[in-house]
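Listing of final-v3.cif, mmCIF, C-alpha atoms
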data_run
#
loop_
_atom_site.label_atom_id
_atom_site.label_comp_id
_atom_site.auth_asym_id
_atom_site.auth_seq_id
_atom_site.Cartn_x
_atom_site.Cartn_y
_atom_site.Cartn_z
CA MET A 12 0.00 0.00 0.00
CA ASN A 13 2.79 2.42 0.93
CA THR A 14 4.62 1.54 -2.31
CA ALA A 15 1.51 2.40 -4.33
CA ILE A 16 1.18 5.72 -2.48
CA ASP A 17 4.87 6.44 -3.09
CA ARG A 18 4.46 5.77 -6.82
CA VAL A 19 1.43 8.06 -7.02
CA GLY A 20 3.43 10.72 -5.20
CA GLU A 21 6.37 10.31 -7.56
CA ARG A 22 4.13 10.61 -10.62
CA ARG A 23 2.48 13.70 -9.18
CA SER A 24 5.92 15.11 -8.48
CA LEU A 25 7.11 14.44 -12.03
CA LEU A 26 3.99 16.18 -13.34
CA SER A 27 4.57 19.25 -11.18
CA ILE A 28 8.27 19.44 -12.09
CA GLY A 29 7.29 18.87 -15.74
CA ILE A 30 5.23 22.08 -15.54
CA LEU A 31 8.38 23.89 -14.40
CA PHE A 32 10.42 22.47 -17.26
CA PHE A 33 7.72 23.76 -19.61
CA VAL A 34 8.26 27.24 -18.17
CA PHE A 35 12.07 26.82 -18.49
CA GLY A 36 11.78 25.96 -22.15
CA PHE A 37 9.25 28.62 -23.03
CA PHE A 38 11.37 31.49 -21.74
CA THR A 39 14.78 30.06 -22.66
CA TRP A 40 14.05 29.55 -26.33
CA LEU A 41 12.35 32.89 -26.85
CA ASN A 42 15.91 34.20 -27.11
CA SER A 43 16.16 32.85 -30.66
CA ILE A 44 13.42 35.31 -31.66
CA LEU A 45 14.63 38.15 -29.44
CA ILE A 46 18.17 38.18 -30.87
CA PRO A 47 17.23 39.19 -34.46
CA TYR A 48 14.34 41.31 -33.11
CA PHE A 49 16.58 43.39 -30.80
CA ARG A 50 19.16 43.68 -33.58
CA ILE A 51 16.54 45.48 -35.65
CA ILE A 52 14.71 47.64 -33.09
CA CYS A 53 17.87 48.63 -31.17
CA GLU A 54 19.99 48.96 -34.34
CA ILE A 55 22.93 46.88 -33.11
CA GLY A 56 25.36 44.29 -34.55
CA TRP A 57 25.36 40.51 -34.07
CA PHE A 58 27.85 40.65 -31.18
CA GLU A 59 25.63 43.03 -29.24
CA ALA A 60 22.50 41.06 -30.17
CA PHE A 61 24.01 37.85 -28.79
CA LEU A 62 24.58 39.63 -25.48
CA VAL A 63 20.99 38.45 -24.95
CA THR A 64 22.50 35.04 -24.20
CA ALA A 65 25.12 36.61 -21.90
CA ALA A 66 22.53 38.50 -19.83
CA PHE A 67 20.27 35.47 -19.63
CA TYR A 68 22.79 32.75 -18.84
CA ILE A 69 25.31 34.61 -16.66
CA SER A 70 22.78 34.52 -13.83
CA TYR A 71 23.20 30.73 -13.72
CA PHE A 72 26.89 31.15 -12.88
CA LEU A 73 26.46 34.01 -10.42
CA LEU A 74 23.40 32.71 -8.60
CA ALA A 75 23.65 28.90 -8.63
CA ILE A 76 25.42 28.66 -5.24
CA PRO A 77 23.26 31.39 -3.62
CA SER A 78 20.21 29.53 -4.96
CA ALA A 79 21.44 26.26 -3.45
CA LEU A 80 22.06 27.98 -0.10
CA LEU A 81 18.60 29.54 -0.19
CA LEU A 82 16.95 26.19 -1.00
CA GLU A 83 18.83 24.68 1.95
CA ARG A 84 16.93 27.06 4.24
CA ILE A 85 13.48 27.21 2.67
CA SER A 86 11.07 24.67 1.24
CA LEU A 87 11.11 23.56 -2.39
CA ILE A 88 7.71 25.17 -2.93
CA ARG A 89 8.87 28.55 -1.62
CA GLY A 90 12.00 28.44 -3.77
CA ILE A 91 9.92 27.74 -6.86
CA LEU A 92 7.49 30.55 -6.03
CA ILE A 93 10.36 33.02 -5.57
CA GLY A 94 11.80 31.88 -8.91
CA LEU A 95 8.48 32.40 -10.65
CA GLY A 96 8.25 35.84 -9.06
CA LEU A 97 11.63 36.83 -10.50
CA ILE A 98 10.58 35.68 -13.99
CA ILE A 99 7.38 37.73 -13.69
CA LEU A 100 9.39 40.81 -12.67
CA GLY A 101 11.82 40.30 -15.57
CA SER A 102 8.90 39.99 -18.00
CA LEU A 103 7.26 43.19 -16.75
CA ILE A 104 10.55 45.10 -17.17
CA PHE A 105 10.19 44.46 -20.91
CA ILE A 106 7.35 47.02 -20.91
CA PRO A 107 9.46 50.13 -20.10
CA ALA A 108 12.30 48.66 -22.18
CA ALA A 109 10.00 48.55 -25.22
CA ILE A 110 8.58 52.01 -24.57
CA TYR A 111 12.07 53.56 -24.49
CA ARG A 112 13.52 51.05 -26.98
CA SER A 113 16.38 50.52 -24.52
CA PHE A 114 18.59 47.47 -25.07
CA PRO A 115 20.23 47.74 -21.58
CA ILE A 116 16.80 47.63 -19.89
CA PHE A 117 15.87 44.58 -21.97
CA LEU A 118 19.09 42.92 -20.74
CA ILE A 119 18.14 43.64 -17.12
CA GLY A 120 14.79 41.94 -17.70
CA LEU A 121 16.53 38.92 -19.24
CA PHE A 122 18.94 38.71 -16.30
CA LEU A 123 16.03 38.62 -13.83
CA GLN A 124 14.30 35.92 -15.88
CA GLY A 125 17.53 33.92 -15.85
CA ALA A 126 17.82 34.44 -12.07
CA GLY A 127 14.35 32.97 -11.53
CA LEU A 128 15.13 30.02 -13.77
CA THR A 129 18.43 29.45 -11.94
CA LEU A 130 16.66 29.11 -8.61
CA MET A 131 14.12 26.67 -10.00
CA GLN A 132 16.59 24.61 -12.07
CA THR A 133 19.05 24.21 -9.20
CA ALA A 134 16.30 22.41 -7.29
CA SER A 135 14.50 20.61 -10.10
CA ASN A 136 17.38 18.92 -11.95
CA LEU A 137 18.79 17.37 -8.77
CA TYR A 138 15.24 16.52 -7.69
CA VAL A 139 14.53 14.57 -10.89
CA THR A 140 17.92 12.83 -10.71
CA LEU A 141 17.30 11.63 -7.14
CA LEU A 142 13.64 10.68 -7.59
CA GLY A 143 14.65 7.16 -8.68
CA SER A 144 17.61 5.03 -9.75
CA ILE A 145 20.71 6.89 -10.97
CA GLU A 146 20.88 4.44 -13.92
CA SER A 147 17.50 5.62 -15.21
CA ALA A 148 18.05 9.32 -14.45
CA ALA A 149 18.66 10.15 -18.12
CA LYS A 150 15.23 8.69 -18.92
CA ARG A 151 13.47 10.88 -16.33
CA ILE A 152 15.40 13.99 -17.41
CA SER A 153 14.48 13.18 -21.03
CA ILE A 154 10.80 13.18 -20.06
CA MET A 155 11.30 16.62 -18.51
CA GLY A 156 13.18 17.65 -21.64
CA ILE A 157 10.16 16.86 -23.81
CA ALA A 158 8.07 19.32 -21.79
CA ASN A 159 10.91 21.83 -22.10
CA LYS A 160 11.22 21.58 -25.86
CA ILE A 161 7.49 21.49 -26.60
CA ALA A 162 7.34 24.82 -24.77
CA GLY A 163 10.35 26.07 -26.72
CA ALA A 164 8.72 25.14 -30.03
CA LEU A 165 5.46 26.85 -29.08
CA GLY A 166 7.23 29.93 -27.71
CA GLY A 167 9.20 30.45 -30.92
CA LEU A 168 6.11 30.08 -33.11
CA ILE A 169 3.95 32.37 -30.99
CA LEU A 170 6.42 35.19 -30.33
CA GLY A 171 7.91 34.96 -33.83
CA GLY A 172 4.44 35.27 -35.33
CA VAL A 173 3.60 38.28 -33.14
CA LEU A 174 6.85 40.16 -33.75
CA PHE A 175 7.62 39.26 -37.37
CA GLY A 176 4.47 37.68 -38.82
CA SER A 177 5.25 36.71 -42.40
CA THR A 178 7.75 39.56 -42.78
CA LYS A 179 11.43 38.66 -43.09
CA ALA A 180 14.13 40.59 -41.28
CA GLN A 181 15.77 41.40 -44.62
CA ASP A 182 12.50 42.96 -45.82
CA ILE A 183 12.28 45.06 -42.65
CA SER A 184 15.89 46.25 -43.08
CA SER A 185 15.22 47.10 -46.72
CA HIS A 186 12.09 49.04 -45.77
CA LEU A 187 13.94 50.95 -43.03
CA SER A 188 16.65 52.05 -45.46
CA GLN A 189 14.00 53.83 -47.55
CA LEU A 190 12.49 55.81 -44.65
CA SER A 191 13.37 59.28 -43.46
CA THR A 192 14.91 59.62 -40.00
CA ALA A 193 11.60 60.66 -38.41
CA ASP A 194 9.61 57.88 -40.13
CA ARG A 195 12.32 55.37 -39.21
CA ILE A 196 12.01 56.24 -35.50
CA VAL A 197 8.20 55.91 -35.62
CA TYR A 198 8.43 52.56 -37.41
CA LEU A 199 10.98 51.16 -34.94
CA ASP A 200 8.99 52.45 -31.96
CA ASN A 201 5.84 50.70 -33.22
CA LEU A 202 7.81 47.50 -33.83
CA ALA A 203 9.26 47.70 -30.31
CA HIS A 204 5.83 48.22 -28.74
CA SER A 205 4.59 44.96 -30.32
CA ILE A 206 6.49 43.01 -27.65
CA ILE A 207 4.55 44.56 -24.74
CA SER A 208 1.32 42.57 -25.06
CA PRO A 209 2.88 39.06 -25.23
CA TYR A 210 5.12 39.67 -22.22
CA LEU A 211 2.26 41.16 -20.22
CA ILE A 212 0.15 38.09 -20.99
CA MET A 213 3.04 35.79 -20.00
CA ALA A 214 3.40 37.60 -16.66
CA ILE A 215 -0.32 37.14 -15.94
CA CYS A 216 -0.12 33.42 -16.83
CA LEU A 217 2.85 32.96 -14.49
CA ILE A 218 0.95 34.60 -11.65
CA ALA A 219 -1.83 32.04 -12.20
CA LEU A 220 0.80 29.25 -12.29
CA MET A 221 2.08 30.33 -8.87
CA PHE A 222 -1.31 29.52 -7.37
CA ILE A 223 -1.59 26.23 -9.29
CA PHE A 224 1.86 25.03 -8.28
CA TYR A 225 1.26 25.89 -4.63
CA ALA A 226 -1.51 23.26 -4.64
CA MET A 227 0.79 20.56 -6.13
CA LYS A 228 3.13 19.56 -3.30
CA PRO A 229 5.95 17.31 -4.58
CA VAL A 230 7.36 14.47 -2.46
CA ASP A 231 10.58 15.24 -0.60
CA THR A 232 13.93 13.85 -1.82
CA ARG A 233 16.07 15.56 0.79
CA GLU A 234 16.57 12.29 2.67
CA LYS A 235 18.83 11.23 -0.23
CA THR A 236 21.23 14.07 0.48
CA LYS A 237 22.72 15.28 3.72
CA LYS A 238 22.55 18.85 4.91
CA GLN A 239 26.02 20.27 4.76
CA LYS A 240 28.09 23.38 4.62
CA TYR A 241 28.59 24.14 0.96
CA SER A 242 32.21 23.69 -0.05
CA PHE A 243 33.93 22.83 -3.32
CA ARG A 244 36.48 20.75 -1.43
CA GLY A 245 36.05 17.04 -1.92
CA ILE A 246 34.10 17.25 -5.18
CA PRO A 247 35.06 14.26 -7.39
CA THR A 248 37.21 14.94 -10.45
CA HIS A 249 34.57 13.59 -12.83
CA SER A 250 32.10 16.15 -11.40
CA TRP A 251 34.50 19.02 -12.17
CA LEU A 252 34.88 17.60 -15.67
CA GLY A 253 31.07 17.49 -15.80
CA PHE A 254 31.04 21.26 -15.20
CA ILE A 255 33.18 21.70 -18.34
CA ALA A 256 30.89 19.29 -20.21
CA ILE A 257 27.80 21.32 -19.27
CA PHE A 258 29.63 24.56 -20.17
CA LEU A 259 30.49 23.33 -23.67
CA TYR A 260 27.20 21.53 -24.23
CA VAL A 261 25.04 24.53 -23.25
CA GLY A 262 27.22 26.79 -25.37
CA ALA A 263 26.63 24.52 -28.37
CA GLU A 264 22.90 24.18 -27.67
CA VAL A 265 22.46 27.94 -27.29
CA ILE A 266 24.35 28.65 -30.50
CA ALA A 267 22.32 26.14 -32.50
CA GLY A 268 18.96 27.09 -31.00
CA ASP A 269 19.36 30.85 -30.72
CA SER A 270 21.10 31.35 -34.07
CA SER A 271 18.75 29.19 -36.16
CA VAL A 272 16.26 32.00 -36.80
CA ALA A 273 18.97 34.60 -37.46
CA TYR A 274 20.84 32.27 -39.84
CA ALA A 275 17.62 31.57 -41.76
CA GLN A 276 16.77 35.30 -41.91
CA THR A 277 20.13 36.13 -43.46
CA SER A 278 20.22 33.25 -45.96
CA ASN A 279 17.76 34.52 -48.61
CA LEU A 280 15.78 31.26 -48.62
CA GLN A 281 13.41 30.41 -51.43
CA PRO A 282 9.83 29.46 -50.47
CA LEU A 283 9.42 25.80 -49.53
CA LYS A 284 5.66 25.38 -49.39
CA LEU A 285 3.45 22.42 -48.59
CA CYS A 286 -0.21 22.94 -49.49
CA ILE A 287 -3.16 20.79 -48.47
CA SER A 288 -6.35 22.04 -50.11
CA ASN A 289 -6.35 25.82 -49.45
CA TRP A 290 -4.04 25.60 -46.43
CA CYS A 291 -0.32 26.18 -47.05
CA ILE A 292 2.76 26.28 -44.85
CA ASP A 293 6.10 27.70 -45.92
CA PHE A 294 8.86 25.70 -44.22
CA SER A 295 11.43 28.37 -45.10
CA THR A 296 9.76 30.90 -42.76
CA PRO A 297 12.66 31.92 -40.48
CA HIS A 298 10.83 32.05 -37.13
CA TYR A 299 9.78 28.40 -37.61
CA PHE A 300 13.39 27.26 -37.26
CA THR A 301 13.44 27.30 -33.46
CA SER A 302 10.51 24.90 -33.56
CA TYR A 303 12.47 22.63 -35.90
CA VAL A 304 15.34 22.57 -33.40
CA MET A 305 12.93 21.75 -30.55
CA THR A 306 11.22 19.03 -32.62
CA GLY A 307 14.59 17.37 -33.22
CA MET A 308 15.30 17.43 -29.50
CA ILE A 309 11.89 15.91 -28.68
CA ILE A 310 12.55 13.04 -31.10
CA GLY A 311 15.93 12.47 -29.48
CA TYR A 312 14.39 12.49 -25.99
CA LEU A 313 11.82 9.89 -27.05
CA ILE A 314 14.61 7.66 -28.35
CA GLY A 315 16.46 8.08 -25.07
CA ILE A 316 13.35 7.18 -23.05
CA VAL A 317 12.95 3.95 -25.02
CA LEU A 318 16.62 2.89 -25.14
CA ILE A 319 18.13 4.07 -21.82
CA PRO A 320 19.19 2.07 -19.83
CA LYS A 321 17.57 -1.15 -21.12
CA TYR A 322 19.34 -1.28 -24.48
CA ILE A 323 22.17 1.22 -24.23
CA SER A 324 23.86 3.16 -21.45
CA GLN A 325 23.58 6.93 -21.12
CA GLU A 326 27.39 7.09 -21.52
CA LYS A 327 27.31 5.39 -24.94
CA MET A 328 24.39 7.53 -26.05
CA LEU A 329 26.39 10.65 -25.18
CA MET A 330 29.27 9.44 -27.35
CA LEU A 331 27.06 8.52 -30.34
CA PHE A 332 25.15 11.80 -30.32
CA SER A 333 28.39 13.79 -29.97
CA ILE A 334 29.78 12.07 -33.06
CA LEU A 335 26.52 12.93 -34.84
CA GLY A 336 27.01 16.57 -33.80
CA ILE A 337 30.43 16.60 -35.48
CA ALA A 338 28.98 15.16 -38.70
CA ILE A 339 26.16 17.72 -38.81
CA THR A 340 28.53 20.63 -38.11
CA ILE A 341 30.78 19.55 -40.98
CA ALA A 342 27.69 19.52 -43.21
CA ILE A 343 26.79 23.07 -42.08
CA LEU A 344 30.31 24.28 -42.91
CA THR A 345 30.59 22.62 -46.32
CA LEU A 346 27.11 22.68 -47.87
CA PRO A 347 25.79 25.71 -49.80
CA ARG A 348 24.31 28.23 -47.36
CA ASN A 349 20.70 27.86 -48.52
CA ILE A 350 20.98 24.11 -47.79
CA SER A 351 23.18 24.21 -44.69
CA VAL A 352 20.58 26.41 -42.96
CA PHE A 353 18.34 23.33 -42.78
CA ALA A 354 21.14 21.31 -41.18
CA VAL A 355 21.27 23.62 -38.13
CA PRO A 356 17.92 22.40 -36.73
CA ILE A 357 19.17 18.79 -36.94
CA LEU A 358 21.69 19.74 -34.27
CA GLY A 359 18.69 19.80 -31.94
CA PHE A 360 18.39 16.03 -32.38
CA ALA A 361 22.11 15.57 -31.64
CA HIS A 362 21.87 17.76 -28.51
CA SER A 363 18.80 16.07 -27.07
CA ILE A 364 20.48 13.30 -25.08
CA MET A 365 23.52 15.31 -23.96
CA TRP A 366 22.12 17.16 -20.92
CA PRO A 367 20.25 14.04 -19.63
CA SER A 368 23.46 12.01 -19.95
CA ILE A 369 25.99 14.50 -18.55
CA TRP A 370 23.98 15.20 -15.40
CA PRO A 371 23.86 11.65 -13.90
CA ILE A 372 27.49 10.99 -14.87
CA ALA A 373 28.58 14.05 -12.89
CA ILE A 374 26.30 13.26 -9.92
CA ARG A 375 27.30 9.58 -9.72
CA ASN A 376 29.29 8.66 -6.61
CA SER A 377 29.25 12.26 -5.33
CA GLY A 378 27.74 11.20 -1.98
CA ASP A 379 26.97 14.11 0.33
CA LYS A 380 28.39 16.46 -2.31
CA ALA A 381 25.40 15.84 -4.60
CA GLU A 382 23.77 19.20 -3.88
CA ILE A 383 26.93 21.25 -4.41
CA VAL A 384 27.68 19.25 -7.59
CA SER A 385 24.15 20.09 -8.77
CA ALA A 386 24.84 23.78 -8.18
CA LEU A 387 28.22 23.44 -9.91
CA LEU A 388 26.56 21.97 -13.00
CA ILE A 389 24.00 24.78 -13.05
CA MET A 390 26.94 27.22 -12.97
CA GLY A 391 28.21 25.50 -16.12
CA ILE A 392 25.25 26.98 -17.99
CA ILE A 393 27.40 30.12 -18.24
CA GLY A 394 28.71 28.45 -21.39
CA GLY A 395 25.71 29.97 -23.15
CA ALA A 396 26.66 33.42 -21.85
CA ILE A 397 30.22 33.16 -23.21
CA MET A 398 29.97 31.04 -26.36
CA GLY A 399 26.84 32.83 -27.63
CA PRO A 400 28.40 36.32 -27.88
CA PHE A 401 31.65 34.78 -29.18
CA PHE A 402 29.61 33.18 -31.97
CA GLY A 403 28.04 36.59 -32.65
CA TRP A 404 31.50 38.21 -32.75
CA LEU A 405 32.70 35.59 -35.25
CA SER A 406 29.56 36.19 -37.33
CA ASP A 407 30.44 39.90 -37.53
CA LYS A 408 34.12 39.24 -38.31
CA ILE A 409 33.80 36.41 -40.85
CA ASN A 410 30.28 35.12 -41.50
CA MET A 411 27.68 33.16 -39.58
CA GLN A 412 28.11 29.92 -41.54
CA TYR A 413 31.80 29.51 -40.69
CA ALA A 414 31.23 30.67 -37.10
CA TYR A 415 29.55 27.30 -36.47
CA SER A 416 33.02 25.70 -36.53
CA ILE A 417 33.40 26.45 -32.79
CA LEU A 418 30.84 23.72 -32.11
CA LEU A 419 33.42 21.06 -32.98
CA ILE A 420 35.30 21.80 -29.74
CA SER A 421 32.19 21.01 -27.69
CA TYR A 422 31.48 17.68 -29.38
CA LEU A 423 35.08 16.47 -29.18
CA TYR A 424 35.14 17.16 -25.44
CA LEU A 425 31.80 15.40 -24.91
CA ILE A 426 33.19 12.27 -26.59
CA PHE A 427 36.05 12.42 -24.08
CA TYR A 428 33.59 12.90 -21.20
CA SER A 429 31.50 9.91 -22.25
CA ARG A 430 34.64 7.78 -21.81
CA ILE A 431 35.15 9.32 -18.35
CA GLY A 432 31.58 8.32 -17.51
CA GLU A 433 32.25 4.71 -18.53
CA ARG A 434 35.31 4.58 -16.26
CA VAL A 435 33.44 6.03 -13.26
CA LYS A 436 30.58 3.56 -13.81
CA ARG A 437 32.98 0.59 -13.90
CA ARG A 438 34.83 1.84 -10.81
CA VAL A 439 31.60 2.22 -8.84
CA GLY A 440 30.49 -1.22 -9.98
CA ASP A 441 33.78 -2.78 -8.83
CA GLU A 442 33.47 -1.07 -5.44
CA GLU A 443 29.92 -2.41 -4.98
CA ILE A 444 31.04 -5.95 -5.86
CA GLY A 445 34.04 -5.63 -3.56
#
As structure tokens, the full file:
Amino acid sequence: MNTAIDRVGERRSLLSIGILFFVFGFFTWLNSILIPYFRIICEIGWFEAFLVTAAFYISYFLLAIPSALLLERISLIRGILIGLGLIILGSLIFIPAAIYRSFPIFLIGLFLQGAGLTLMQTASNLYVTLLGSIESAAKRISIMGIANKIAGALGGLILGGVLFGSTKAQDISSHLSQLSTADRIVYLDNLAHSIISPYLIMAICLIALMFIFYAMKPVDTREKTKKQKYSFRGIPTHSWLGFIAIFLYVGAEVIAGDSSVAYAQTSNLQPLKLCISNWCIDFSTPHYFTSYVMTGMIIGYLIGIVLIPKYISQEKMLMLFSILGIAITIAILTLPRNISVFAVPILGFAHSIMWPSIWPIAIRNSGDKAEIVSALLIMGIIGGAIMGPFFGWLSDKINMQYAYSILLISYLYLIFYSRIGERVKRRVGDEEIG
């Protein structure tokens, strides 16, 4: 009877955490639309536009440990509610930012959104990892990932449709070049104001979610970790290497996801329409590309759920999908631009299993350091804050297609880390037998 109650509690907990992962994905992947949008309305270059990723992801590095310390002192529910409150505040700051068309104010709003997500992710990723067997953690995280990427796909479609509609960024730039200074300011102001309504609606929805989540009380996993004074001393080597793996993986994921729309907008794509009766969809529409990336990740997550750990280990899956990432990147670099642009979304499939695999490898055998390792891995998300603007800088200096070459560094390291994971797994197995 108690086992049945525990299973019901675990399922309810996964559902409640799944709602959070939906929120993570929705706000995280809006950046792919915001980057080209801010570049237009704030009249900035690609390097400055990709500072969106810096403002958003740097909070993970700065606030991961403070978030872990806060969660040590308050309940999970309160931590989540505070995180949601920060996201709401960051969303509302977009209103004055749009009114004044101020890029720095937009960045402040993004930082606060990232701060809220940091607090919630520090708790939720460790929570999902510890909710069952470590061997099946990648499967549970993959389930959460599906919720995350469905939200990302929807967010890109909705916000992209509101801000750009069927208009391409190149068409907007061409139109702006023909306007007088006064008309140009009016046009850009109107375009900037179009972001106010969606972010106001999102803030209202999050306020409603705060009340809903308060009623869904997840089961406690704190008995699986010991309360401790947070210290980096004694963290296993493979956990430190996991920090680097998360850094490089998130950098690669951010580049692929957040650049997909911009790369499509600057590639002069020909219409690629599919018509059924009187209904047509143009697959070359730039703001659809984030959804393509998310769809690829969802497919990869589903494969991981089926195969891990029954048919293949999470370590081997990490290696195979990293090799796939190298192959796709080479295709992006060598194919004609109007074709390579469609290879970028396939990176979403390659990236899908990486986060779910890296996390349990780094947590394995960390003992009472599990919570600080969790915070350390969240800090690794700063890879998006550093690699994103670096990609933008390369795009300004050379061109966006060849800037994708920096992804090869990430995939080569992840192949190395998958081998580290195999060694740690064997060592733990030998210790248990001994």
Inset, instruction - Tell me, in Å to one decimal, how far CA of Phe222 (chain A) is from CA of Ile28 (chain A). - result: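 Separation of CA of Phe222 (chain A) and CA of Ile28 (chain A): 14.7 Å.
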Would you tabulate, counting all atoms listed in the file, all residues of region 374-398 of chain A that have an atom at most 12 Å from an atom of region 46-69 of chain A, showing the closest pair of atoms and their distance in Å to one decimal, sorted by chain then ascending number, as a Markdown table?
| residue | atom | partner | partner_atom | distance |
| --- | --- | --- | --- | --- |
| A:Ile389 | CA | A:Tyr68 | CA | 9.9 |
| A:Met390 | CA | A:Ile69 | CA | 8.4 |
| A:Gly391 | CA | A:Tyr68 | CA | 9.5 |
| A:Ile392 | CA | A:Tyr68 | CA | 6.3 |
| A:Ile393 | CA | A:Ile69 | CA | 5.2 |
| A:Gly394 | CA | A:Tyr68 | CA | 7.7 |
| A:Gly395 | CA | A:Tyr68 | CA | 5.9 |
| A:Ala396 | CA | A:Ala65 | CA | 3.5 |
| A:Ile397 | CA | A:Ala65 | CA | 6.3 |
| A:Met398 | CA | A:Ala65 | CA | 8.6 |
Legend entry - Distance criterion (all atoms listed in the file): nearest to Phe122 (chain A) out of A:His186, A:Ile341, A:Leu100, A:Arg375: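 Looking only at the distances to Phe122 (chain A), the closest residue turns out to be A:Leu100.
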Legend entry - Sphere at (13.6, 17.9, -14.5), radius 7 Å, counting all atoms listed in the file: residues as number ranges by chain: A: 28-29, 32, 135-136, 139, 152, 155
Legend entry - Distance criterion (all atoms listed in the file): nearest to Ser406 (chain A) out of A:Ser377, A:Ser270, A:Thr345, A:Thr248: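 That would be A:Ser270, the residue with the smallest distance to Ser406 (chain A).
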Legend entry - Top pick for closest residue to Leu259 (chain A), considering A:Trp404, A:Phe360, A:Tyr422, A:Tyr274 and counting all atoms listed in the file: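 Once distances to Leu259 (chain A) are computed over all atoms listed in the file, the minimum belongs to A:Tyr422.
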Inset, instruction - Between A:Ser385, A:Ser288, A:Asn201, A:Gln276, single out the one closest to Val352 (chain A), counting all atoms listed in the file. - result: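 Closest to Val352 (chain A) of all the choices is A:Gln276.
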Legend entry - Selection result of the PyMOL selection byres ((chain A and resi 96) around 10) on this file, as number ranges by chain: A: 90-95, 97-102, 123-124, 127, 214, 217-218, 221
Legend entry - Straight-line distance linking CA of Gln412 (chain A) with CA of Phe37 (chain A), stated in Å to one decimal: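 These two atoms are separated by 26.5 Å.
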Let me know the centre plus edge lengths, in Å and rounded to one decimal, of a box with edges along x, y and z that contains all listed atoms of region 58-73 of chain A and is padded by 4 Å on every side, as AutoDock Vina command-line options.
--center_x 24.1 --center_y 36.9 --center_z -20.8 --size_x 15.6 --size_y 20.3 --size_z 28.8
Legend entry - Neighbour list for Leu174 (chain A) as a ChimeraX atom specification, cut-off 9 Å, all atoms listed in the file, skip fewer than 6 positions in-chain: /A:44,48,202-203,205-206
Can you write just those residues out, C-alpha atoms, as a short mmCIF file (atom, residue, chain, number, x, y, z; two decimals), keeping the file's coordinate frame?
data_model
loop_
_atom_site.label_atom_id
_atom_site.label_comp_id
_atom_site.auth_asym_id
_atom_site.auth_seq_id
_atom_site.Cartn_x
_atom_site.Cartn_y
_atom_site.Cartn_z
CA ILE A 44 13.42 35.31 -31.66
CA TYR A 48 14.34 41.31 -33.11
CA LEU A 202 7.81 47.50 -33.83
CA ALA A 203 9.26 47.70 -30.31
CA SER A 205 4.59 44.96 -30.32
CA ILE A 206 6.49 43.01 -27.65
#
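Take the candidates A:Lys284, A:Asp269, A:Phe254, A:Leu423 and check each one against Ile337 (chain A) using only C-alpha atoms; the shortest distance goes to A:Leu423.
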Legend entry - Point-to-point distance in Å for CA of Pro77 (chain A) and CA of Phe114 (chain A):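 Separating CA of Phe114 (chain A) from CA of Pro77 (chain A) is a distance of 27.2 Å.
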Inset, instruction - Using all atoms listed in the file, find the one residue out of A:Ala275, A:Ile215, A:Leu425, A:Val261 that sits nearest to Gly359 (chain A). - result: A:Val261
Inset, instruction - Please evaluate the PyMOL selection byres ((chain A and resi 271) around 9) against the displayed coordinates and give the resulting residues as a ChimeraX atom specification. - result: /A:43,266-270,272-276,297-298,300-301,304,352-353,355-356
Legend entry - Residues in the PyMOL selection byres ((chain A and resi 344) around 9), expressed as a list of chain:residue names: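 In the shown coordinates, the PyMOL selection byres ((chain A and resi 344) around 9) covers A:Ile339, A:Thr340, A:Ile341, A:Ala342, A:Ile343, A:Thr345, A:Leu346, A:Pro347, A:Arg348, A:Ser351, A:Gln412, A:Tyr413, A:Ala414, A:Tyr415, A:Ser416.
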